[in-house]
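What follows is the content of entry-v8.pdb (PDB, C-alpha atoms and all ligand atoms).
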```
MODEL        1
ATOM      1  CA  MET A 132    -266.011 -85.340  65.017
ATOM      2  CA  MET A 133    -264.814 -88.860  64.064
ATOM      3  CA  ALA A 134    -261.629 -87.435  62.574
ATOM      4  CA  LYS A 135    -260.980 -85.614  65.840
ATOM      5  CA  ILE A 136    -261.512 -88.775  67.874
ATOM      6  CA  ARG A 137    -259.255 -90.778  65.553
ATOM      7  CA  ARG A 138    -256.518 -88.151  65.789
ATOM      8  CA  ARG A 139    -256.810 -88.114  69.575
ATOM      9  CA  CYS A 140    -256.816 -91.893  69.628
ATOM     10  CA  LYS A 141    -253.675 -92.032  67.498
ATOM     11  CA  ARG A 142    -251.857 -89.564  69.699
ATOM     12  CA  ARG A 143    -252.996 -90.639  73.160
ATOM     13  CA  CYS A 144    -253.768 -94.321  72.873
ATOM     14  CA  PHE A 145    -251.352 -95.673  70.351
ATOM     15  CA  GLY A 146    -248.789 -92.962  69.628
ATOM     16  CA  LEU A 147    -248.977 -93.904  65.963
ATOM     17  CA  ARG A 148    -248.909 -91.990  62.729
ATOM     18  CA  GLY A 149    -250.922 -92.804  59.629
ATOM     19  CA  ASP A 150    -253.925 -95.057  60.103
ATOM     20  CA  GLY A 151    -253.191 -95.815  63.727
ATOM     21  CA  PHE A 152    -256.580 -97.303  64.425
ATOM     22  CA  ALA A 153    -256.264 -99.971  61.721
ATOM     23  CA  GLU A 154    -252.643-100.717  62.604
ATOM     24  CA  SER A 155    -253.465-101.061  66.271
ATOM     25  CA  THR A 156    -256.410-103.309  65.559
ATOM     26  CA  GLN A 157    -254.156-105.509  63.421
ATOM     27  CA  ARG A 158    -251.583-105.549  66.210
ATOM     28  CA  ILE A 159    -254.190-106.669  68.763
ATOM     29  CA  ILE A 160    -255.339-109.442  66.415
ATOM     30  CA  SER A 161    -251.719-110.535  65.930
ATOM     31  CA  ILE A 162    -251.137-110.661  69.685
ATOM     32  CA  ALA A 163    -254.307-112.728  70.140
ATOM     33  CA  ASN A 164    -253.083-115.169  67.487
ATOM     34  CA  LEU A 165    -249.738-115.478  69.257
ATOM     35  CA  ASN A 166    -251.485-116.586  72.426
ATOM     36  CA  PRO A 167    -254.011-119.208  71.364
ATOM     37  CA  MET A 168    -255.744-121.107  74.113
ATOM     38  CA  ALA A 169    -256.491-124.807  73.978
ATOM     39  CA  LYS A 170    -260.055-125.753  74.824
ATOM     40  CA  LEU A 171    -261.144-128.787  76.820
ATOM     41  CA  ARG A 172    -264.890-129.354  77.006
ATOM     42  CA  ILE A 173    -265.995-131.943  79.536
ATOM     43  CA  GLN A 174    -269.355-133.684  79.457
ATOM     44  CA  PHE A 175    -270.512-136.005  82.213
ATOM     45  CA  GLU A 176    -272.558-139.136  81.629
ATOM     46  CA  ASN A 177    -274.048-138.738  85.095
ATOM     47  CA  GLY A 178    -275.794-135.551  84.010
ATOM     48  CA  ASP A 179    -273.536-133.031  85.755
ATOM     49  CA  PRO A 180    -273.329-129.723  83.871
ATOM     50  CA  GLU A 181    -270.828-129.511  81.025
ATOM     51  CA  LYS A 182    -267.592-127.613  81.753
ATOM     52  CA  LEU A 183    -265.247-125.738  79.450
ATOM     53  CA  ILE A 184    -261.607-125.052  80.271
ATOM     54  CA  GLU A 185    -259.485-122.694  78.186
ATOM     55  CA  PHE A 186    -255.812-122.968  78.972
ATOM     56  CA  ASP A 187    -252.291-122.469  77.678
ATOM     57  CA  PRO A 188    -250.647-125.921  77.354
ATOM     58  CA  ALA A 189    -247.224-124.292  77.768
ATOM     59  CA  LYS A 190    -248.149-123.517  81.389
ATOM     60  CA  ALA A 191    -248.506-127.201  82.369
ATOM     61  CA  PRO A 192    -248.380-128.777  84.883
ATOM     62  CA  PHE A 193    -251.516-127.412  86.489
ATOM     63  CA  HIS A 194    -251.682-130.019  89.261
ATOM     64  CA  HIS A 195    -249.488-132.763  90.686
ATOM     65  CA  ASP A 196    -251.281-135.838  89.320
ATOM     66  CA  GLY A 197    -250.949-137.309  85.836
ATOM     67  CA  LYS A 198    -248.627-136.360  83.017
ATOM     68  CA  PRO A 199    -248.119-132.600  82.768
ATOM     69  CA  GLY A 200    -250.712-131.231  80.358
ATOM     70  CA  SER A 201    -252.799-134.400  80.484
ATOM     71  CA  ILE A 202    -256.580-134.248  80.613
ATOM     72  CA  LEU A 203    -256.377-135.216  84.306
ATOM     73  CA  ASP A 204    -253.762-132.525  85.017
ATOM     74  CA  VAL A 205    -255.799-129.843  83.244
ATOM     75  CA  MET A 206    -259.073-130.831  84.908
ATOM     76  CA  LEU A 207    -257.702-131.049  88.453
ATOM     77  CA  GLY A 208    -255.740-127.844  87.998
ATOM     78  CA  HIS A 209    -258.945-126.046  87.066
ATOM     79  CA  GLY A 210    -260.999-127.421  89.933
ATOM     80  CA  ILE A 211    -262.823-130.184  88.057
ATOM     81  CA  HIS A 212    -262.699-133.640  89.587
ATOM     82  CA  LEU A 213    -261.782-136.796  87.677
ATOM     83  CA  GLU A 214    -261.255-140.085  89.470
ATOM     84  CA  HIS A 215    -257.568-141.046  89.659
ATOM     85  CA  ALA A 216    -257.072-143.891  92.099
ATOM     86  CA  CYS A 217    -253.391-144.449  91.255
ATOM     87  CA  GLY A 218    -252.532-140.762  91.392
ATOM     88  CA  GLY A 219    -252.207-140.492  87.641
ATOM     89  CA  ASN A 220    -249.466-143.103  87.327
ATOM     90  CA  CYS A 221    -251.032-145.300  84.641
ATOM     91  CA  ALA A 222    -251.802-148.106  87.058
ATOM     92  CA  CYS A 223    -255.615-148.204  87.157
ATOM     93  CA  THR A 224    -258.387-147.160  84.766
ATOM     94  CA  THR A 225    -260.378-144.836  86.964
ATOM     95  CA  CYS A 226    -259.463-141.766  84.872
ATOM     96  CA  HIS A 227    -260.996-143.316  81.740
ATOM     97  CA  VAL A 228    -262.543-140.732  79.415
ATOM     98  CA  ILE A 229    -264.130-141.044  75.995
ATOM     99  CA  VAL A 230    -262.790-138.530  73.509
ATOM    100  CA  LYS A 231    -265.629-137.171  71.346
ATOM    101  CA  GLN A 232    -263.592-134.573  69.472
ATOM    102  CA  GLY A 233    -259.893-133.946  68.956
ATOM    103  CA  PHE A 234    -258.676-137.528  69.454
ATOM    104  CA  ASN A 235    -255.833-136.996  66.978
ATOM    105  CA  LYS A 236    -254.725-133.845  68.811
ATOM    106  CA  LEU A 237    -253.760-135.852  71.890
ATOM    107  CA  GLY A 238    -250.314-137.296  72.526
ATOM    108  CA  GLU A 239    -249.898-140.948  71.566
ATOM    109  CA  SER A 240    -250.872-143.673  74.002
ATOM    110  CA  SER A 241    -248.269-146.085  75.353
ATOM    111  CA  ASP A 242    -248.552-149.883  75.350
ATOM    112  CA  GLN A 243    -249.120-149.724  79.107
ATOM    113  CA  GLU A 244    -252.058-147.356  78.638
ATOM    114  CA  GLU A 245    -253.532-149.562  75.904
ATOM    115  CA  ASP A 246    -253.228-152.640  78.128
ATOM    116  CA  LEU A 247    -254.955-150.871  80.990
ATOM    117  CA  LEU A 248    -257.705-149.499  78.786
ATOM    118  CA  ASP A 249    -258.678-153.073  77.918
ATOM    119  CA  ARG A 250    -259.939-153.326  81.489
ATOM    120  CA  ALA A 251    -261.918-150.075  81.475
ATOM    121  CA  PRO A 252    -265.700-150.444  81.720
ATOM    122  CA  GLY A 253    -267.438-149.035  78.648
ATOM    123  CA  LEU A 254    -264.309-149.039  76.476
ATOM    124  CA  THR A 255    -264.723-147.308  73.103
ATOM    125  CA  PRO A 256    -262.381-146.860  70.088
ATOM    126  CA  THR A 257    -261.692-143.312  71.306
ATOM    127  CA  SER A 258    -261.157-144.129  74.972
ATOM    128  CA  ARG A 259    -258.088-142.705  76.707
ATOM    129  CA  LEU A 260    -256.742-142.582  80.223
ATOM    130  CA  GLY A 261    -257.099-138.996  81.346
ATOM    131  CA  CYS A 262    -253.773-139.091  83.185
ATOM    132  CA  GLN A 263    -251.871-140.143  80.041
ATOM    133  CA  ALA A 264    -253.604-138.207  77.248
ATOM    134  CA  VAL A 265    -251.576-135.020  76.907
ATOM    135  CA  ILE A 266    -252.821-131.880  75.158
ATOM    136  CA  GLU A 267    -249.829-130.025  73.715
ATOM    137  CA  ASP A 268    -251.402-128.200  70.782
ATOM    138  CA  PRO A 269    -252.475-124.686  71.820
ATOM    139  CA  ASN A 270    -255.115-124.764  69.072
ATOM    140  CA  ALA A 271    -256.605-128.061  70.223
ATOM    141  CA  GLU A 272    -260.314-128.271  70.826
ATOM    142  CA  ILE A 273    -260.959-131.443  72.768
ATOM    143  CA  VAL A 274    -264.312-132.783  73.911
ATOM    144  CA  VAL A 275    -264.394-135.651  76.384
ATOM    145  CA  VAL A 276    -267.117-137.566  78.165
ATOM    146  CA  VAL A 277    -266.535-138.789  81.695
ATOM    147  CA  PRO A 278    -268.271-142.186  81.920
ATOM    148  CA  ARG A 279    -270.730-142.818  84.694
ATOM    149  CA  TYR A 280    -268.903-145.910  85.926
ATOM    150  CA  THR A 281    -265.281-146.730  86.737
ATOM    151  CA  ILE A 282    -263.824-149.741  88.498
ATOM    152  CA  ASN A 283    -262.810-147.475  91.359
ATOM    153  CA  GLN A 284    -264.168-148.453  94.748
ATOM    154  CA  VAL A 285    -262.931-145.376  96.607
ATOM    155  CA  SER A 286    -263.241-141.804  95.398
ATOM    156  CA  GLU A 287    -260.338-139.420  95.839
ATOM    157  CA  ALA A 288    -262.795-136.527  95.838
ATOM    158  CA  ALA A 289    -263.143-136.711  99.594
ATOM    159  CA  GLU A 290    -259.372-136.752 100.080
ATOM    160  CA  GLU A 291    -258.612-133.588  98.089
TER     161      GLU A 291
HETATM  162 FE1  LIG B   1    -254.821-144.404  87.335
HETATM  163 FE2  LIG B   1    -255.008-142.698  85.278
HETATM  164  S1  LIG B   1    -255.321-142.306  87.366
HETATM  165  S2  LIG B   1    -254.509-144.795  85.262
ENDMDL
END
```
Could you write out this file's structure as structure tokens?
Amino acid sequence: MMAKIRRRCKRRCFGLRGDGFAESTQRIISIANLNPMAKLRIQFENGDPEKLIEFDPAKAPFHHDGKPGSILDVMLGHGIHLEHACGGNCACTTCHVIVKQGFNKLGESSDQEEDLLDRAPGLTPTSRLGCQAVIEDPNAEIVVVVPRYTINQVSEAAEE
């Protein structure tokens, strides 16, 4: 019975000769490896439920604020809010996030970002501005925490 199913599978599903099932399985695995998806896990200090975004960095930008492929761009483009009072132009600190995993997978920070970060409440050694921290590696697995407090007085959430 199994031999009959395998023969039928080879002929109808894959059109292969030999061990079509094994070859096809290997082909599917190869295709999956060619299209890895970066992962961005977001935790919120205010207790909101954790979110996970899987995305292809090559498809950036996902939104119109922040550097293409930045944490801000990815979050907004997948319907997850992050404060961004200056529109993602590296001119405030409201998009401050703390990177818990994958810090070295992010694009390098500029002097301007470093200067701004000095003003961010709750600064840590792995703090980044969400609008400037770009995820380019399709194998990246980044975990960030969105702090409870920013220096922002007005939320853009109501304007979107
Ligand atoms: Fe203003 Fe990132 S949104 S610095």
Test item: which residues lie within 10 Å of (-257.2, -129.7, 82.1) counting only C-alpha atoms, as a VMD selection string: chain A and resid 169 to 173 183 to 188 191 to 194 199 to 211 261 265 to 266
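Here atom CA of Cys226 of chain A is placed at a distance of 22.6 Å from atom CA of Pro269 of chain A.
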Run the PyMOL selection byres (((not hetatm)) within 10 of (chain B and resi 1)) against the file shown and list the residues it catches, as number ranges by chain. A: 196-198, 201-203, 213-228, 243-244, 247-248, 251, 259-264, 283
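When only C-alpha atoms are used to measure the gap to Glu176 of chain A, the shortest distance among A:Gln232, A:Leu254, A:Lys190, A:Val277 belongs to A:Val277.
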Put the listed atoms of segment 258-261 of chain A in a box along x, y and z with 6 Å added on every side and give me the centre and edge lengths in Å to one decimal, as JSON.
```
{"center_x": -258.9, "center_y": -141.6, "center_z": 78.2, "size_x": 16.4, "size_y": 17.1, "size_z": 18.4}
```
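Between Gln174 of chain A and the candidates A:Val274, A:Thr257, A:Ser241, A:Arg279, the tightest atom-to-atom separation, counting only C-alpha atoms, involves A:Val274.
When only C-alpha atoms are used to measure the gap to Ser258 of chain A, the shortest distance among A:Leu237, A:His212, A:Ala189, A:Asn177 belongs to A:Leu237.
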At what distance in Å, to one decimal, does atom CA of Val276 of chain A lie from atom CA of Ile229 of chain A? 5.1 Å
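Atom pair atom CA of Phe175 of chain A / atom CA of Asp242 of chain A: separated by 26.9 Å.
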